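Following: one structure in structure tokens, then a few remarks.
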Amino acid sequence: MKGRGQMSRKRESAAVGQGGFEPVLHPTDKDPSLHPSEQRSLAGDPESAGTPVLGLSEAPAALPGQWGTVFDQPEPDKLLELTVIVPARNEEDCLAACLESLVSQSEELFKLGREWELIVVDDHSNDRTAAIARGFAGVTVLEAGKLEEGQSKPVWTGKNNAIWTAAKRARGQWLLFTDADTVHEPGNLHRAMHEAERHKVGMLSYSPRQVVSGFWQRSLMPLIFSELALAYPPAKVSNPAERIAAANGQFLLVEREAYRRLGGHAAVSEKVLEDVELAFMAKRRKVGLCFRYAEDAVSTRMYCSTASMIEGWTKNLALLFDNSFALAVWRVIDILLLAAVPLLAVEFWNARLFAHSAQWLIAGWVLALVWVRNLFRFYGRVAKSNFSFVNCALSPLGLPLFVALLYLSWIQHRILKRVSWKGREYAA
């Protein structure tokens with residue numbers, strides 16, 4: 001596989017030139033700025049024809065003007081197996097645990113610095129993030145490039161810019177983009193590459209096990225992840241015949257030539273939800289996509305505080321769901337069914353001493369049955385979140401906050417058209 005990949009890379013270099021910085025996208029490619037929830041059709045896309053390709057190793061040798069290179073140096077004679085890229089901005093609370101879980105996977109047959117490399121990109125942090133990263137032997141620490149802004153240049157989000165800084169100099173056959181708040185299980189790097197090769201896909205993404213603490217995280221997060229499981233079923237996401245696509249930027253593994261074919265993170269430079277955008281591009285270009293829940297491979301604590309959780313979901317909810325306003329309305333109905341129906345049933349039962357008491361009693365029991373049925377329906381949906389029984393049990397109490405965040409996210413994206421994250425503002 002490596003031999004064929006290297007031959008393909010040499011042929012591609014002859015077609016597009018080495019050392020290019022900017023990706024050259026297909027002129028017929030659909031606009032990646034389209035909202036993911038629009039379920040863009042794959043029909044009629046010129047790249048949809050043919051069978052899925054892992055990178056370019058089985059693709060035509062030379063298509064001038066269609067493919068570009070994202071790497072800023074000539075291809076090395078021998079690639080490493082893997083490049084792990086960790087963008088980090090003010091992550092001193094969690095970065096050490098992440099790097100420890102990654103560095104510990106270095107072993108004799110998979111030696112850090114020999115078979116694979118680990119790059120941390122400090123995204124202009126004002127805490128000890130860079131110092132912590134430099135404290136790990138074998139870890140390369142880069143500083144993110146200056147954010148490009150202005151009408152004549154693409155606007156970059158901080159995370160995309162940080163990833164791009166490292167991706168351009170990556171030397172791995174596979175590129176793993178993972179967040180600083182993740183913790184990786186022993187051996188998961190090797191297993192992930194083997195899993196991608198086994199499924200013959202150019203992109204593999206894991207949805208990590210979520211670690212939560214505090215009342216609001218424990219009650220809110222199961223609600224959100226159950227909705228995500230319904231909106232983006234992993235089986236459909238991984239099916240090339242289905243239009244739906246998704247990926248999780250907390251663990252996104254991409255084959256080198258597949259990443260080149262997508263145009264890298266430069267192709268989604270201004271996207272707040274870059275992982276889902278890249279997933280849609282992967283499906284359109286037939287590089288192969290596999291997505292699954294992976295508690296066996298990686299875990300993450302997304303938010304260290306309630307304030308950061310509110311800011312993070314306000315940034316993302318309106319992008320993740322087709323109509324966050326309508327979803328909020330449905331969750332308000334859930335609140336009424338779960339809270340108001342039993343109260344009304346009790347009122348009916350208390351009316352049994354008055355005229356037509358039998359009718360009131362029956363009406364109360366009918367409402368009670370409706371409430372029980374709705375309760376089972378609600379918990380059946382929340383159980384898809386892969387959270388613990390206790391956290392799922394608390395989830396009804398998180399409904400008011402969920403509704404508020406859905407509305408707030410809708411207002412920021414559709415009316416204010418601005419979102420903020422980690423001290424920066426972006427156009428929505």
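We name chains A, B, ... following the order of the structure tokens; residues begin at 1 in each chain, and ligands are numbered from 1 as shown.
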Practice problem: Name the residues of region 122-152 of chain A that come out as alpha helix (DSSP H) in a backbone DSSP run; write them as number ranges by chain. | Solution: A: 129-134
Practice problem: May I ask which of the residues A:Met302, A:Val346, A:Val403, A:Val366 is the closest one to Val332 (chain A), counting only C-alpha atoms? | Solution: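 So, comparing all the options, the nearest one is A:Val403.
The neighbours of Glu425 (chain A) here are the residues that come within 10 Å of it, using only C-alpha atoms and leaving out any residue fewer than 6 positions away in the same chain; they are Thr157, Gly158, Arg418 and Val419 of chain A.
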Save out the residues we just selected, C-alpha atoms, as a PDB file, in the first residue's frame.
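Result file is result17.pdb:
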ATOM      1  CA  THR A 157     -11.197  30.281  12.534  1.00  0.00           C
ATOM      2  CA  GLY A 158      -8.511  29.893  15.165  1.00  0.00           C
ATOM      3  CA  ARG A 418     -21.931  36.424  15.053  1.00  0.00           C
ATOM      4  CA  VAL A 419     -20.638  33.765  17.426  1.00  0.00           C
TER       5      VAL A 419
END
Quiz item: Within 8 Å of Asn391 (chain A), counting only C-alpha atoms, which residues qualify if same-chain residues fewer than 5 places away don't, as a list in words?
Solution: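 After dropping sequence-adjacent residues, the list is Arg218, Ser219 and Pro222 of chain A.
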Using only C-alpha atoms, tabulate the residues of region 94-189 of chain A lying at most 10 Å from any atom of region 279-296 of chain A, each with its closest atom pair and that distance in Å to one decimal, by chain and increasing residue number, as CSV.
residue,atom,partner,partner_atom,distance
A:His184,CA,A:Asp296,CA,9.1
A:Glu185,CA,A:Asp296,CA,7.1
A:Pro186,CA,A:Asp296,CA,9.7
A:Asn188,CA,A:Asp296,CA,8.3
Quiz item: Can you tell me, as a PyMOL selection string, what residues are no more than 12 Å from Val390 (chain A) when counting only C-alpha atoms, ignoring any on the same chain fewer than 5 positions away?
Solution: chain A and resi 212+215+218-219+222+379+382-383+395-396
Quiz item: Do you know which residues are at most 10 Å from Trp156 (chain A) counting only C-alpha atoms, after dropping those on the same chain fewer than 2 positions away, and could you put them as a ChimeraX atom specification?
Solution: /A:146-149,153-154,158-162,164,265-266,268-272,426
Practice problem: Pick out the residues sitting within 7 Å of Val237 (chain A), and hand them over as a list in words; count only C-alpha atoms, and ignore anything fewer than 5 positions along from it in its own chain. | Solution: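 In the requested form, the answer reads Tyr232, Glu242, Ile244, Ala245, Ala246 and Phe291 of chain A.
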Practice problem: Select, from A:Tyr303, A:Arg128, A:Ala258, A:Ala231, the residue with the minimum atom-to-atom distance to Lys200 (chain A), counting only C-alpha atoms. | Solution: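 The shortest atom-to-atom distance to Lys200 (chain A) comes from A:Ala258.
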How close does region 149-263 of chain A get to region 96-111 of chain A? List, as JSON lines, each residue of region 149-263 of chain A within 12 Å, its nearest atom pair and the distance in Å to one decimal, counting only C-alpha atoms.
{"residue": "A:Leu176", "atom": "CA", "partner": "A:Leu102", "partner_atom": "CA", "distance": 11.4}
{"residue": "A:Thr178", "atom": "CA", "partner": "A:Cys98", "partner_atom": "CA", "distance": 9.4}
{"residue": "A:Asp179", "atom": "CA", "partner": "A:Cys98", "partner_atom": "CA", "distance": 8.3}
{"residue": "A:Ala180", "atom": "CA", "partner": "A:Cys98", "partner_atom": "CA", "distance": 5.9}
{"residue": "A:Asp181", "atom": "CA", "partner": "A:Cys98", "partner_atom": "CA", "distance": 6.3}
{"residue": "A:Thr182", "atom": "CA", "partner": "A:Cys98", "partner_atom": "CA", "distance": 5.5}
{"residue": "A:Val183", "atom": "CA", "partner": "A:Cys98", "partner_atom": "CA", "distance": 4.8}
{"residue": "A:His184", "atom": "CA", "partner": "A:Ser101", "partner_atom": "CA", "distance": 5.3}
{"residue": "A:Glu185", "atom": "CA", "partner": "A:Ser101", "partner_atom": "CA", "distance": 6.8}
{"residue": "A:Pro186", "atom": "CA", "partner": "A:Gln105", "partner_atom": "CA", "distance": 6.0}
{"residue": "A:Gly187", "atom": "CA", "partner": "A:Gln105", "partner_atom": "CA", "distance": 6.0}
{"residue": "A:Asn188", "atom": "CA", "partner": "A:Gln105", "partner_atom": "CA", "distance": 8.2}
{"residue": "A:Leu189", "atom": "CA", "partner": "A:Gln105", "partner_atom": "CA", "distance": 7.7}
{"residue": "A:His190", "atom": "CA", "partner": "A:Phe110", "partner_atom": "CA", "distance": 8.5}
{"residue": "A:Arg191", "atom": "CA", "partner": "A:Gln105", "partner_atom": "CA", "distance": 11.3}
{"residue": "A:Gln250", "atom": "CA", "partner": "A:Cys98", "partner_atom": "CA", "distance": 11.4}
Atoms kept (N, CA and C atoms) for selection, written as a PDB file, in the first residue's frame:
ATOM      1  N   LEU A 176      -3.941  12.487  12.028  1.00  0.00           N
ATOM      2  CA  LEU A 176      -4.971  12.450  13.060  1.00  0.00           C
ATOM      3  C   LEU A 176      -5.090  13.830  13.688  1.00  0.00           C
ATOM      4  N   THR A 178      -6.863  15.775  16.631  1.00  0.00           N
ATOM      5  CA  THR A 178      -7.536  15.456  17.885  1.00  0.00           C
ATOM      6  C   THR A 178      -7.439  16.641  18.827  1.00  0.00           C
ATOM      7  N   ASP A 179      -8.439  16.805  19.677  1.00  0.00           N
ATOM      8  CA  ASP A 179      -8.493  17.966  20.564  1.00  0.00           C
ATOM      9  C   ASP A 179      -7.658  17.768  21.815  1.00  0.00           C
ATOM     10  N   ALA A 180      -7.307  18.873  22.444  1.00  0.00           N
ATOM     11  CA  ALA A 180      -6.462  18.836  23.636  1.00  0.00           C
ATOM     12  C   ALA A 180      -7.192  18.308  24.859  1.00  0.00           C
ATOM     13  N   ASP A 181      -8.527  18.228  24.797  1.00  0.00           N
ATOM     14  CA  ASP A 181      -9.277  17.733  25.953  1.00  0.00           C
ATOM     15  C   ASP A 181      -9.626  16.259  25.835  1.00  0.00           C
ATOM     16  N   THR A 182      -8.952  15.539  24.930  1.00  0.00           N
ATOM     17  CA  THR A 182      -9.198  14.113  24.763  1.00  0.00           C
ATOM     18  C   THR A 182      -8.177  13.286  25.545  1.00  0.00           C
ATOM     19  N   VAL A 183      -8.565  12.069  25.886  1.00  0.00           N
ATOM     20  CA  VAL A 183      -7.662  11.087  26.490  1.00  0.00           C
ATOM     21  C   VAL A 183      -7.808   9.801  25.683  1.00  0.00           C
ATOM     22  N   HIS A 184      -6.694   9.291  25.190  1.00  0.00           N
ATOM     23  CA  HIS A 184      -6.701   8.165  24.262  1.00  0.00           C
ATOM     24  C   HIS A 184      -6.346   6.865  24.979  1.00  0.00           C
ATOM     25  N   GLU A 185      -7.087   5.822  24.656  1.00  0.00           N
ATOM     26  CA  GLU A 185      -6.836   4.509  25.242  1.00  0.00           C
ATOM     27  C   GLU A 185      -5.560   3.913  24.658  1.00  0.00           C
ATOM     28  N   PRO A 186      -4.853   3.091  25.430  1.00  0.00           N
ATOM     29  CA  PRO A 186      -3.608   2.488  24.920  1.00  0.00           C
ATOM     30  C   PRO A 186      -3.843   1.725  23.620  1.00  0.00           C
ATOM     31  N   GLY A 187      -2.988   1.985  22.645  1.00  0.00           N
ATOM     32  CA  GLY A 187      -3.050   1.273  21.375  1.00  0.00           C
ATOM     33  C   GLY A 187      -4.081   1.773  20.392  1.00  0.00           C
ATOM     34  N   ASN A 188      -4.808   2.839  20.746  1.00  0.00           N
ATOM     35  CA  ASN A 188      -5.903   3.234  19.854  1.00  0.00           C
ATOM     36  C   ASN A 188      -5.412   3.878  18.551  1.00  0.00           C
ATOM     37  N   LEU A 189      -4.195   4.424  18.535  1.00  0.00           N
ATOM     38  CA  LEU A 189      -3.680   5.021  17.310  1.00  0.00           C
ATOM     39  C   LEU A 189      -3.486   3.956  16.229  1.00  0.00           C
ATOM     40  N   HIS A 190      -2.834   2.876  16.595  1.00  0.00           N
ATOM     41  CA  HIS A 190      -2.618   1.783  15.657  1.00  0.00           C
ATOM     42  C   HIS A 190      -3.941   1.158  15.232  1.00  0.00           C
ATOM     43  N   ARG A 191      -4.814   0.935  16.199  1.00  0.00           N
ATOM     44  CA  ARG A 191      -6.088   0.292  15.885  1.00  0.00           C
ATOM     45  C   ARG A 191      -6.932   1.155  14.943  1.00  0.00           C
ATOM     46  N   GLN A 250     -12.984  15.931  17.465  1.00  0.00           N
ATOM     47  CA  GLN A 250     -12.203  15.474  18.612  1.00  0.00           C
ATOM     48  C   GLN A 250     -11.340  14.272  18.247  1.00  0.00           C
TER      49      GLN A 250
END
Practice problem: Please indicate the distance in Å from CA of Leu262 (chain A) to CA of Ala167 (chain A), rounded to one decimal place. | Solution: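 Interatomic distance, CA of Leu262 (chain A) to CA of Ala167 (chain A): 12.9 Å.
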Practice problem: Pull the strand (DSSP E) assignments for region 220-273 of chain A out of DSSP run on the backbone, and list those residues as a count of residues only. | Solution: 5
